[in-house]
Amino acid sequence: MNATAELILKPGKERSLRRRHPWLYDTAIGRVAGAPAAGETVAVRSHDGQWLAWAAYSPSSTLRARCWSFTESERIDAAWLAARVKEAVGRRAHLAAASDALRLLFGEADGLPGMIADRYADQLVVQFQAAGVEAHRDALLDALVAATGCANVFDRSDSAGRAREGLAPAFGVARGAEPPPRIAIREHQRRAWVDVRRGHKTGYYIDQRDNRELAAALAGRAQAQLGRPASALNCFCYTGAFSVALAAGGGDVLSIDSSAEALALAQENWLLNGLAGPAGQWQCANVFDALRALRADQRSFDLIVLDPPKFAASHHHVERAARAYKDINLSALRLLAPGGYLLTFSCSGAIGVELFQKIVAGAVIDAGVDAQLLRRLAAGEDHPLRMTHPEGEYLKGLLLQRLS
Ligand code: SAH
């Protein structure tokens, strides 16, 4: 066997690893000893030779290595990977009561950098987003099948991040049989169709589960307070998961999205949930324009959900994204009835909780309304944040109530 290749860091660059931060950028590396292949496990050492971590090497990426382990006696082999998978799946066991759509592996948070695995009923969907997990693809797939008892795994490694890692997109069956065109999942009392081939991410926004449950409860609370169904507006509705929750809570819902395909599935989800009345109200439009048009029509709503796509792809886009978040939140606040609730989100990792709150506060001031922050919101427990890896935080939300 060849000797393990080594990354020798520049002086001082060992500090973040000593704090067990899992990422190593190219600029931190002084020298590479040996000729590691993409995804190969390397030893990371400080400039004076002290062992620091086992990491997966990624020669194409500026994020040159991602750490597997900070324990020298560990060996990164199939058994080690299987143990991480089994532990991660086990930690989510209690969530099965809430939903059969769960994120089972969440990359760095679960000690498997770049690895995503979601479960939709009996179907698994994976994304290998880094060279390290790609190099161990078979071991990880075997471990997932063993840990879950699910025989069918679909690979949705078609996201943009793969190119940075020097990996070609991968899309198709990884284990077992082809998935059906759509899979019915259960989330709390509600159901949804998930298309794992064409849907966003691995098919569905699993991370919003708790916040949809909150939206349903708020619709019920508003109805009780108002003595009539709450009027609700769901912006960026995608396949209508928040719409169904709002309607199940008794809300009268208008939903907006620019994707006709998403809206078509949303309407089927409405029917799947046996919701009464006409098949909801759906508008295929740009939310930025639609909110202005609703204002021109002097509409108002008791409950508004704003769950836009990621406006800031990276730190370079923060300013422009901040303006876009401000714009939609300002428009939404102008439509919010006194006493009404606003559930507003950002899934941009580059926009931190504090900045997001500041942006929304600015919108409150410019809208000339008064509002209280009732709760800060985040992704569900199956999307944990590793305390040593703050970059893993992405979804943040605020529940505001407009004062009378
Ligand atoms: N709230 C959804 C997820 C939203 S994903 C859920 O819980 O499932 C973001 C959605 O915004 C996508 O469906 C996309 O089609 C839509 N979108 C993106 N830009 C838009 C725009 N400017 N106007 C309207 N919809 C937009």
# chains A, B, ... in the order shown; residues from 1 in each chain; ligands from 1
>>> select_by_dssp(residues="region 24-136 of chain A", states="alpha helix (DSSP H)", output="list in words")
Ala78, Ala79, Trp80, Leu81, Ala82, Ala83, Arg84, Val85, Lys86, Glu87, Ala88, Val89, Gly90, Arg91, Ala131, Gly132, Val133, Glu134 and Ala135 of chain A
>>> residues_around(residues="Gly107 (chain A)", least_positions_apart="2", cutoff="12 Å", atoms="only C-alpha atoms", output="MDAnalysis selection string")
chainID A and resid 22 66:68 84:85 88 103:105 109:118 126:130 132:133 382:386 389 391:393
>>> write_last_selection(atoms="C-alpha atoms", output="compact mmCIF listing (two decimals), in the first residue's frame")
# COMPACT_ATOMS: atom_id res chain seq x y z
CA PRO A 22 -13.93 20.77 8.88
CA ARG A 66 -12.86 18.47 4.07
CA CYS A 67 -12.12 16.74 7.33
CA TRP A 68 -13.53 13.36 8.21
CA ARG A 84 -21.55 7.56 10.81
CA VAL A 85 -24.53 6.73 8.59
CA ALA A 88 -27.18 9.83 11.80
CA ARG A 103 -33.29 14.36 5.79
CA LEU A 104 -31.18 11.45 7.02
CA LEU A 105 -27.71 12.75 6.22
CA ALA A 109 -23.42 18.42 10.36
CA ASP A 110 -23.40 14.62 10.40
CA GLY A 111 -19.64 14.29 9.91
CA LEU A 112 -19.96 13.30 6.25
CA PRO A 113 -18.95 16.46 4.37
CA GLY A 114 -20.86 16.92 1.13
CA MET A 115 -23.24 13.99 1.66
CA ILE A 116 -26.99 14.51 1.48
CA ALA A 117 -29.54 11.72 1.87
CA ASP A 118 -33.28 12.25 2.08
CA VAL A 126 -28.88 11.14 -2.40
CA GLN A 127 -26.54 13.92 -3.43
CA PHE A 128 -22.76 13.47 -3.43
CA GLN A 129 -21.55 17.06 -3.35
CA ALA A 130 -17.84 16.62 -2.66
CA GLY A 132 -14.57 12.67 -0.65
CA VAL A 133 -18.06 11.25 -0.45
CA ASP A 382 -33.16 16.70 10.70
CA HIS A 383 -31.15 19.66 9.32
CA PRO A 384 -28.91 20.23 12.35
CA LEU A 385 -26.08 22.73 12.55
CA ARG A 386 -22.71 21.40 13.64
CA HIS A 389 -19.28 24.56 11.33
CA GLU A 391 -21.36 27.91 7.60
CA GLY A 392 -23.92 25.10 7.72
CA GLU A 393 -26.62 27.50 8.85
>>> atom_distance(atom1="CA of Ala332 (chain A)", atom2="CA of Arg402 (chain A)")
11.2 Å
>>> closest_residue(among="A:Ala192, A:Phe154, A:Asp207, A:Ala56", to="Glu134 (chain A)", atoms="only C-alpha atoms")
A:Ala56
>>> residues_near_ligand(ligand="ligand 1", cutoff="9 Å", atoms="only C-alpha atoms and all ligand atoms", output="number ranges by chain")
A: 200, 204-209, 211-212, 234-243, 256-263, 284-290, 305-311
>>> select_by_dssp(residues="region 86-215 of chain A", states="strand (DSSP E)", output="MDAnalysis selection string")
chainID A and resid 101:106 115:120 123:128 152:157 170:175 183:187 190:194
>>> closest_residue(among="A:Gln50, A:Gly280, A:Lys358, A:Ser231", to="Ser300 (chain A)", atoms="only C-alpha atoms")
A:Ser231
>>> residues_around(residues="Arg221 (chain A)", least_positions_apart="3", cutoff="12 Å", atoms="only C-alpha atoms", output="PyMOL selection string")
chain A and resi 214-218+224-230+246+249-251+302-303+339-341
>>> write_last_selection(atoms="N, CA and C atoms", output="PDB file, in the first residue's frame")
ATOM      1  N   LEU A 214     -46.489  25.323  12.062  1.00  0.00           N
ATOM      2  CA  LEU A 214     -46.747  26.611  12.707  1.00  0.00           C
ATOM      3  C   LEU A 214     -47.740  27.429  11.876  1.00  0.00           C
ATOM      4  N   ALA A 215     -47.569  27.419  10.547  1.00  0.00           N
ATOM      5  CA  ALA A 215     -48.484  28.173   9.669  1.00  0.00           C
ATOM      6  C   ALA A 215     -49.913  27.669   9.821  1.00  0.00           C
ATOM      7  N   ALA A 216     -50.067  26.337   9.910  1.00  0.00           N
ATOM      8  CA  ALA A 216     -51.405  25.761  10.092  1.00  0.00           C
ATOM      9  C   ALA A 216     -52.006  26.237  11.417  1.00  0.00           C
ATOM     10  N   ALA A 217     -51.192  26.220  12.468  1.00  0.00           N
ATOM     11  CA  ALA A 217     -51.676  26.647  13.788  1.00  0.00           C
ATOM     12  C   ALA A 217     -52.047  28.124  13.788  1.00  0.00           C
ATOM     13  N   LEU A 218     -51.247  28.943  13.104  1.00  0.00           N
ATOM     14  CA  LEU A 218     -51.530  30.384  13.055  1.00  0.00           C
ATOM     15  C   LEU A 218     -52.828  30.661  12.297  1.00  0.00           C
ATOM     16  N   ALA A 224     -59.870  31.903  14.894  1.00  0.00           N
ATOM     17  CA  ALA A 224     -60.544  32.012  16.198  1.00  0.00           C
ATOM     18  C   ALA A 224     -60.647  33.472  16.631  1.00  0.00           C
ATOM     19  N   GLN A 225     -59.599  34.229  16.350  1.00  0.00           N
ATOM     20  CA  GLN A 225     -59.601  35.647  16.753  1.00  0.00           C
ATOM     21  C   GLN A 225     -60.568  36.471  15.906  1.00  0.00           C
ATOM     22  N   LEU A 226     -60.632  36.130  14.614  1.00  0.00           N
ATOM     23  CA  LEU A 226     -61.406  36.959  13.685  1.00  0.00           C
ATOM     24  C   LEU A 226     -62.868  36.537  13.592  1.00  0.00           C
ATOM     25  N   GLY A 227     -63.135  35.281  13.940  1.00  0.00           N
ATOM     26  CA  GLY A 227     -64.492  34.764  13.799  1.00  0.00           C
ATOM     27  C   GLY A 227     -64.869  34.511  12.350  1.00  0.00           C
ATOM     28  N   ARG A 228     -63.865  34.369  11.494  1.00  0.00           N
ATOM     29  CA  ARG A 228     -64.067  34.020  10.074  1.00  0.00           C
ATOM     30  C   ARG A 228     -62.756  33.408   9.582  1.00  0.00           C
ATOM     31  N   PRO A 229     -62.768  32.736   8.429  1.00  0.00           N
ATOM     32  CA  PRO A 229     -61.509  32.178   7.929  1.00  0.00           C
ATOM     33  C   PRO A 229     -60.480  33.285   7.704  1.00  0.00           C
ATOM     34  N   ALA A 230     -59.244  33.015   8.093  1.00  0.00           N
ATOM     35  CA  ALA A 230     -58.182  33.993   7.862  1.00  0.00           C
ATOM     36  C   ALA A 230     -57.863  34.048   6.376  1.00  0.00           C
ATOM     37  N   LEU A 246     -51.868  26.034   5.448  1.00  0.00           N
ATOM     38  CA  LEU A 246     -52.700  27.196   5.774  1.00  0.00           C
ATOM     39  C   LEU A 246     -54.183  26.861   5.595  1.00  0.00           C
ATOM     40  N   GLY A 249     -55.489  24.612   8.258  1.00  0.00           N
ATOM     41  CA  GLY A 249     -55.732  25.372   9.482  1.00  0.00           C
ATOM     42  C   GLY A 249     -56.958  26.265   9.381  1.00  0.00           C
ATOM     43  N   GLY A 250     -57.624  26.238   8.255  1.00  0.00           N
ATOM     44  CA  GLY A 250     -58.859  27.005   8.097  1.00  0.00           C
ATOM     45  C   GLY A 250     -58.700  28.271   7.274  1.00  0.00           C
ATOM     46  N   GLY A 251     -57.512  28.502   6.735  1.00  0.00           N
ATOM     47  CA  GLY A 251     -57.268  29.720   5.963  1.00  0.00           C
ATOM     48  C   GLY A 251     -57.863  29.652   4.561  1.00  0.00           C
ATOM     49  N   ASP A 302     -54.494  38.367   6.434  1.00  0.00           N
ATOM     50  CA  ASP A 302     -54.291  38.139   7.861  1.00  0.00           C
ATOM     51  C   ASP A 302     -53.020  37.331   8.128  1.00  0.00           C
ATOM     52  N   LEU A 303     -52.546  36.661   7.093  1.00  0.00           N
ATOM     53  CA  LEU A 303     -51.385  35.792   7.267  1.00  0.00           C
ATOM     54  C   LEU A 303     -50.623  35.750   5.945  1.00  0.00           C
ATOM     55  N   GLY A 339     -52.850  43.174  13.241  1.00  0.00           N
ATOM     56  CA  GLY A 339     -52.998  41.909  13.962  1.00  0.00           C
ATOM     57  C   GLY A 339     -52.540  40.696  13.153  1.00  0.00           C
ATOM     58  N   GLY A 340     -52.220  40.923  11.869  1.00  0.00           N
ATOM     59  CA  GLY A 340     -51.860  39.808  10.991  1.00  0.00           C
ATOM     60  C   GLY A 340     -50.452  39.282  11.244  1.00  0.00           C
ATOM     61  N   TYR A 341     -50.211  38.060  10.752  1.00  0.00           N
ATOM     62  CA  TYR A 341     -48.918  37.391  10.951  1.00  0.00           C
ATOM     63  C   TYR A 341     -48.130  37.341   9.644  1.00  0.00           C
TER      64      TYR A 341
END
>>> atom_distance(atom1="CA of Thr27 (chain A)", atom2="CA of Cys347 (chain A)")
27.9 Å
>>> closest_residue(among="A:Leu373, A:Arg64, A:Val196, A:Leu9", to="Trp51 (chain A)", atoms="only C-alpha atoms")
A:Leu9
>>> residues_around(residues="Ser61 (chain A)", least_positions_apart="3", cutoff="8 Å", atoms="only C-alpha atoms", output="number ranges by chain")
A: 26, 58, 64, 164-166
>>> write_last_selection(atoms="all heavy atoms", output="PDB file, in the first residue's frame")
ATOM      1  N   ASP A  26      -7.391  26.093  -0.126  1.00  0.00           N
ATOM      2  CA  ASP A  26      -6.093  25.946  -0.802  1.00  0.00           C
ATOM      3  C   ASP A  26      -5.047  26.896  -0.238  1.00  0.00           C
ATOM      4  O   ASP A  26      -3.879  26.548  -0.123  1.00  0.00           O
ATOM      5  CB  ASP A  26      -6.263  26.144  -2.321  1.00  0.00           C
ATOM      6  CG  ASP A  26      -6.928  27.482  -2.680  1.00  0.00           C
ATOM      7  OD1 ASP A  26      -7.484  28.137  -1.775  1.00  0.00           O
ATOM      8  OD2 ASP A  26      -6.888  27.857  -3.871  1.00  0.00           O
ATOM      9  N   SER A  58      -9.501  17.358  -2.384  1.00  0.00           N
ATOM     10  CA  SER A  58     -10.287  17.754  -3.542  1.00  0.00           C
ATOM     11  C   SER A  58      -9.479  18.732  -4.393  1.00  0.00           C
ATOM     12  O   SER A  58      -9.568  19.953  -4.216  1.00  0.00           O
ATOM     13  CB  SER A  58     -11.606  18.400  -3.072  1.00  0.00           C
ATOM     14  OG  SER A  58     -12.408  18.681  -4.187  1.00  0.00           O
ATOM     15  N   ARG A  64     -10.048  22.844  -0.542  1.00  0.00           N
ATOM     16  CA  ARG A  64      -9.152  21.773  -1.013  1.00  0.00           C
ATOM     17  C   ARG A  64      -9.297  20.470  -0.228  1.00  0.00           C
ATOM     18  O   ARG A  64      -8.975  19.386  -0.720  1.00  0.00           O
ATOM     19  CB  ARG A  64      -7.702  22.313  -0.942  1.00  0.00           C
ATOM     20  CG  ARG A  64      -6.633  21.526  -1.640  1.00  0.00           C
ATOM     21  CD  ARG A  64      -6.891  21.312  -3.128  1.00  0.00           C
ATOM     22  NE  ARG A  64      -7.234  22.456  -3.927  1.00  0.00           N
ATOM     23  CZ  ARG A  64      -6.386  23.290  -4.543  1.00  0.00           C
ATOM     24  NH1 ARG A  64      -5.088  23.101  -4.438  1.00  0.00           N
ATOM     25  NH2 ARG A  64      -6.825  24.294  -5.280  1.00  0.00           N
ATOM     26  N   ARG A 164     -17.603  22.512  -9.082  1.00  0.00           N
ATOM     27  CA  ARG A 164     -16.494  23.080  -8.309  1.00  0.00           C
ATOM     28  C   ARG A 164     -15.581  21.992  -7.760  1.00  0.00           C
ATOM     29  O   ARG A 164     -14.415  22.209  -7.505  1.00  0.00           O
ATOM     30  CB  ARG A 164     -17.036  23.902  -7.127  1.00  0.00           C
ATOM     31  CG  ARG A 164     -17.557  25.266  -7.500  1.00  0.00           C
ATOM     32  CD  ARG A 164     -17.734  26.128  -6.248  1.00  0.00           C
ATOM     33  NE  ARG A 164     -18.741  25.616  -5.345  1.00  0.00           N
ATOM     34  CZ  ARG A 164     -20.053  25.857  -5.471  1.00  0.00           C
ATOM     35  NH1 ARG A 164     -20.486  26.593  -6.471  1.00  0.00           N
ATOM     36  NH2 ARG A 164     -20.919  25.359  -4.622  1.00  0.00           N
ATOM     37  N   GLU A 165     -16.136  20.822  -7.557  1.00  0.00           N
ATOM     38  CA  GLU A 165     -15.362  19.696  -7.026  1.00  0.00           C
ATOM     39  C   GLU A 165     -14.738  18.869  -8.142  1.00  0.00           C
ATOM     40  O   GLU A 165     -14.170  17.811  -7.891  1.00  0.00           O
ATOM     41  CB  GLU A 165     -16.276  18.798  -6.173  1.00  0.00           C
ATOM     42  CG  GLU A 165     -16.755  19.467  -4.904  1.00  0.00           C
ATOM     43  CD  GLU A 165     -15.723  19.424  -3.781  1.00  0.00           C
ATOM     44  OE1 GLU A 165     -15.089  18.378  -3.583  1.00  0.00           O
ATOM     45  OE2 GLU A 165     -15.549  20.466  -3.109  1.00  0.00           O
ATOM     46  N   GLY A 166     -14.919  19.327  -9.390  1.00  0.00           N
ATOM     47  CA  GLY A 166     -14.366  18.594 -10.527  1.00  0.00           C
ATOM     48  C   GLY A 166     -15.155  17.339 -10.847  1.00  0.00           C
ATOM     49  O   GLY A 166     -14.653  16.412 -11.482  1.00  0.00           O
TER      50      GLY A 166
END
>>> residues_around(residues="region 72-76 of chain A", least_positions_apart="2", cutoff="9 Å", atoms="only C-alpha atoms", output="JSON, numbers by chain")
{"A": [41, 43, 51, 52, 53, 54, 68, 69, 70, 78, 79, 80, 81]}
>>> write_last_selection(atoms="N, CA, C and O atoms", output="compact mmCIF listing (two decimals), in the first residue's frame")
# COMPACT_ATOMS: atom_id res chain seq x y z
N THR A 41 -8.19 9.93 1.02
CA THR A 41 -8.00 10.38 2.41
C THR A 41 -6.55 10.76 2.62
O THR A 41 -5.64 9.98 2.29
N ALA A 43 -3.63 12.80 5.36
CA ALA A 43 -3.39 13.28 6.73
C ALA A 43 -3.08 14.78 6.62
O ALA A 43 -2.37 15.21 5.72
N TRP A 51 0.18 16.00 13.66
CA TRP A 51 -1.02 15.46 13.01
C TRP A 51 -2.25 16.23 13.49
O TRP A 51 -2.41 16.50 14.68
N LEU A 52 -3.13 16.58 12.53
CA LEU A 52 -4.31 17.37 12.89
C LEU A 52 -5.63 16.66 12.55
O LEU A 52 -6.58 16.73 13.32
N ALA A 53 -5.69 16.03 11.38
CA ALA A 53 -6.98 15.48 10.93
C ALA A 53 -6.79 14.52 9.77
O ALA A 53 -5.77 14.55 9.07
N TRP A 54 -7.81 13.70 9.58
CA TRP A 54 -7.96 12.95 8.32
C TRP A 54 -8.94 13.74 7.47
O TRP A 54 -9.98 14.17 7.98
N TRP A 68 -12.69 14.46 7.75
CA TRP A 68 -13.53 13.36 8.21
C TRP A 68 -13.45 13.23 9.72
O TRP A 68 -14.43 12.94 10.38
N SER A 69 -12.23 13.35 10.22
CA SER A 69 -12.02 12.99 11.64
C SER A 69 -10.83 13.74 12.22
O SER A 69 -9.85 14.03 11.52
N PHE A 70 -10.94 14.04 13.51
CA PHE A 70 -9.85 14.71 14.23
C PHE A 70 -9.21 13.75 15.24
O PHE A 70 -8.59 14.18 16.20
N ALA A 78 -14.88 1.63 5.04
CA ALA A 78 -16.32 1.38 4.89
C ALA A 78 -17.01 1.25 6.25
O ALA A 78 -18.13 1.74 6.45
N ALA A 79 -16.34 0.62 7.20
CA ALA A 79 -16.95 0.42 8.52
C ALA A 79 -17.12 1.76 9.24
O ALA A 79 -18.15 2.01 9.89
N TRP A 80 -16.11 2.62 9.10
CA TRP A 80 -16.20 3.95 9.74
C TRP A 80 -17.36 4.75 9.14
O TRP A 80 -18.15 5.36 9.87
N LEU A 81 -17.45 4.71 7.82
CA LEU A 81 -18.53 5.46 7.15
C LEU A 81 -19.89 4.89 7.54
O LEU A 81 -20.84 5.64 7.81
>>> decode(residues="region 215-313 of chain A", atoms="C-alpha atoms", output="PDB file, in the first residue's frame")
ATOM      1  CA  ALA A 215     -48.484  28.173   9.669  1.00  0.00           C
ATOM      2  CA  ALA A 216     -51.405  25.761  10.092  1.00  0.00           C
ATOM      3  CA  ALA A 217     -51.676  26.647  13.788  1.00  0.00           C
ATOM      4  CA  LEU A 218     -51.530  30.384  13.055  1.00  0.00           C
ATOM      5  CA  ALA A 219     -54.330  30.070  10.495  1.00  0.00           C
ATOM      6  CA  GLY A 220     -56.418  28.403  13.185  1.00  0.00           C
ATOM      7  CA  ARG A 221     -55.503  31.039  15.757  1.00  0.00           C
ATOM      8  CA  ALA A 222     -56.326  33.879  13.362  1.00  0.00           C
ATOM      9  CA  GLN A 223     -59.665  32.298  12.511  1.00  0.00           C
ATOM     10  CA  ALA A 224     -60.544  32.012  16.198  1.00  0.00           C
ATOM     11  CA  GLN A 225     -59.601  35.647  16.753  1.00  0.00           C
ATOM     12  CA  LEU A 226     -61.406  36.959  13.685  1.00  0.00           C
ATOM     13  CA  GLY A 227     -64.492  34.764  13.799  1.00  0.00           C
ATOM     14  CA  ARG A 228     -64.067  34.020  10.074  1.00  0.00           C
ATOM     15  CA  PRO A 229     -61.509  32.178   7.929  1.00  0.00           C
ATOM     16  CA  ALA A 230     -58.182  33.993   7.862  1.00  0.00           C
ATOM     17  CA  SER A 231     -57.174  35.345   4.469  1.00  0.00           C
ATOM     18  CA  ALA A 232     -53.737  33.926   3.723  1.00  0.00           C
ATOM     19  CA  LEU A 233     -51.146  34.665   1.054  1.00  0.00           C
ATOM     20  CA  ASN A 234     -48.423  32.136   0.259  1.00  0.00           C
ATOM     21  CA  CYS A 235     -45.635  33.632  -1.848  1.00  0.00           C
ATOM     22  CA  PHE A 236     -43.138  31.365  -3.655  1.00  0.00           C
ATOM     23  CA  CYS A 237     -45.502  28.473  -2.978  1.00  0.00           C
ATOM     24  CA  TYR A 238     -43.638  25.837  -5.084  1.00  0.00           C
ATOM     25  CA  THR A 239     -45.731  22.644  -4.788  1.00  0.00           C
ATOM     26  CA  GLY A 240     -48.056  24.227  -2.269  1.00  0.00           C
ATOM     27  CA  ALA A 241     -46.926  22.672   1.000  1.00  0.00           C
ATOM     28  CA  PHE A 242     -47.485  25.902   2.987  1.00  0.00           C
ATOM     29  CA  SER A 243     -50.744  26.493   1.058  1.00  0.00           C
ATOM     30  CA  VAL A 244     -52.109  23.133   2.144  1.00  0.00           C
ATOM     31  CA  ALA A 245     -51.033  23.772   5.741  1.00  0.00           C
ATOM     32  CA  LEU A 246     -52.700  27.196   5.774  1.00  0.00           C
ATOM     33  CA  ALA A 247     -55.891  25.767   4.268  1.00  0.00           C
ATOM     34  CA  ALA A 248     -55.892  22.819   6.667  1.00  0.00           C
ATOM     35  CA  GLY A 249     -55.732  25.372   9.482  1.00  0.00           C
ATOM     36  CA  GLY A 250     -58.859  27.005   8.097  1.00  0.00           C
ATOM     37  CA  GLY A 251     -57.268  29.720   5.963  1.00  0.00           C
ATOM     38  CA  ASP A 252     -58.573  31.026   2.680  1.00  0.00           C
ATOM     39  CA  VAL A 253     -55.388  30.884   0.614  1.00  0.00           C
ATOM     40  CA  LEU A 254     -54.002  32.706  -2.424  1.00  0.00           C
ATOM     41  CA  SER A 255     -50.734  31.130  -3.621  1.00  0.00           C
ATOM     42  CA  ILE A 256     -48.188  32.623  -6.012  1.00  0.00           C
ATOM     43  CA  ASP A 257     -45.263  31.094  -7.878  1.00  0.00           C
ATOM     44  CA  SER A 258     -43.591  31.776 -11.216  1.00  0.00           C
ATOM     45  CA  SER A 259     -43.351  28.080 -12.116  1.00  0.00           C
ATOM     46  CA  ALA A 260     -46.386  26.661 -13.903  1.00  0.00           C
ATOM     47  CA  GLU A 261     -45.026  23.158 -13.350  1.00  0.00           C
ATOM     48  CA  ALA A 262     -44.787  23.683  -9.583  1.00  0.00           C
ATOM     49  CA  LEU A 263     -48.290  25.149  -9.501  1.00  0.00           C
ATOM     50  CA  ALA A 264     -49.697  22.155 -11.374  1.00  0.00           C
ATOM     51  CA  LEU A 265     -48.336  19.786  -8.729  1.00  0.00           C
ATOM     52  CA  ALA A 266     -49.497  22.191  -6.001  1.00  0.00           C
ATOM     53  CA  GLN A 267     -53.064  21.854  -7.238  1.00  0.00           C
ATOM     54  CA  GLU A 268     -52.772  18.088  -7.148  1.00  0.00           C
ATOM     55  CA  ASN A 269     -51.460  18.321  -3.615  1.00  0.00           C
ATOM     56  CA  TRP A 270     -54.509  20.361  -2.714  1.00  0.00           C
ATOM     57  CA  LEU A 271     -56.725  17.539  -3.986  1.00  0.00           C
ATOM     58  CA  LEU A 272     -54.580  14.859  -2.342  1.00  0.00           C
ATOM     59  CA  ASN A 273     -55.407  16.514   0.981  1.00  0.00           C
ATOM     60  CA  GLY A 274     -59.130  16.447   0.269  1.00  0.00           C
ATOM     61  CA  LEU A 275     -59.405  20.185   0.732  1.00  0.00           C
ATOM     62  CA  ALA A 276     -62.891  21.425   0.141  1.00  0.00           C
ATOM     63  CA  GLY A 277     -64.073  24.081  -2.263  1.00  0.00           C
ATOM     64  CA  PRO A 278     -62.480  25.159  -5.502  1.00  0.00           C
ATOM     65  CA  ALA A 279     -58.975  23.861  -6.050  1.00  0.00           C
ATOM     66  CA  GLY A 280     -57.457  26.781  -4.149  1.00  0.00           C
ATOM     67  CA  GLN A 281     -56.451  30.051  -5.713  1.00  0.00           C
ATOM     68  CA  TRP A 282     -53.201  29.973  -7.632  1.00  0.00           C
ATOM     69  CA  GLN A 283     -51.418  32.697  -9.476  1.00  0.00           C
ATOM     70  CA  CYS A 284     -48.549  32.113 -11.877  1.00  0.00           C
ATOM     71  CA  ALA A 285     -46.596  35.341 -11.524  1.00  0.00           C
ATOM     72  CA  ASN A 286     -43.450  37.065 -10.387  1.00  0.00           C
ATOM     73  CA  VAL A 287     -43.975  37.688  -6.666  1.00  0.00           C
ATOM     74  CA  PHE A 288     -42.277  41.098  -6.806  1.00  0.00           C
ATOM     75  CA  ASP A 289     -44.871  42.317  -9.326  1.00  0.00           C
ATOM     76  CA  ALA A 290     -47.794  40.384  -7.875  1.00  0.00           C
ATOM     77  CA  LEU A 291     -47.377  41.968  -4.428  1.00  0.00           C
ATOM     78  CA  ARG A 292     -47.514  45.449  -5.968  1.00  0.00           C
ATOM     79  CA  ALA A 293     -50.587  44.527  -7.984  1.00  0.00           C
ATOM     80  CA  LEU A 294     -52.336  43.233  -4.841  1.00  0.00           C
ATOM     81  CA  ARG A 295     -51.605  46.527  -3.150  1.00  0.00           C
ATOM     82  CA  ALA A 296     -52.976  48.478  -6.094  1.00  0.00           C
ATOM     83  CA  ASP A 297     -56.140  46.376  -5.697  1.00  0.00           C
ATOM     84  CA  GLN A 298     -56.193  47.357  -1.992  1.00  0.00           C
ATOM     85  CA  ARG A 299     -56.069  43.753  -0.851  1.00  0.00           C
ATOM     86  CA  SER A 300     -55.036  42.791   2.654  1.00  0.00           C
ATOM     87  CA  PHE A 301     -54.215  39.494   4.338  1.00  0.00           C
ATOM     88  CA  ASP A 302     -54.291  38.139   7.861  1.00  0.00           C
ATOM     89  CA  LEU A 303     -51.385  35.792   7.267  1.00  0.00           C
ATOM     90  CA  ILE A 304     -48.544  35.989   4.754  1.00  0.00           C
ATOM     91  CA  VAL A 305     -45.804  33.455   4.052  1.00  0.00           C
ATOM     92  CA  LEU A 306     -42.690  34.610   2.187  1.00  0.00           C
ATOM     93  CA  ASP A 307     -40.358  31.716   1.391  1.00  0.00           C
ATOM     94  CA  PRO A 308     -38.271  32.880  -1.562  1.00  0.00           C
ATOM     95  CA  PRO A 309     -35.471  30.994  -3.305  1.00  0.00           C
ATOM     96  CA  LYS A 310     -31.883  31.708  -2.284  1.00  0.00           C
ATOM     97  CA  PHE A 311     -31.322  35.331  -3.348  1.00  0.00           C
ATOM     98  CA  ALA A 312     -27.643  35.371  -2.310  1.00  0.00           C
ATOM     99  CA  ALA A 313     -25.752  32.519  -3.957  1.00  0.00           C
TER     100      ALA A 313
END
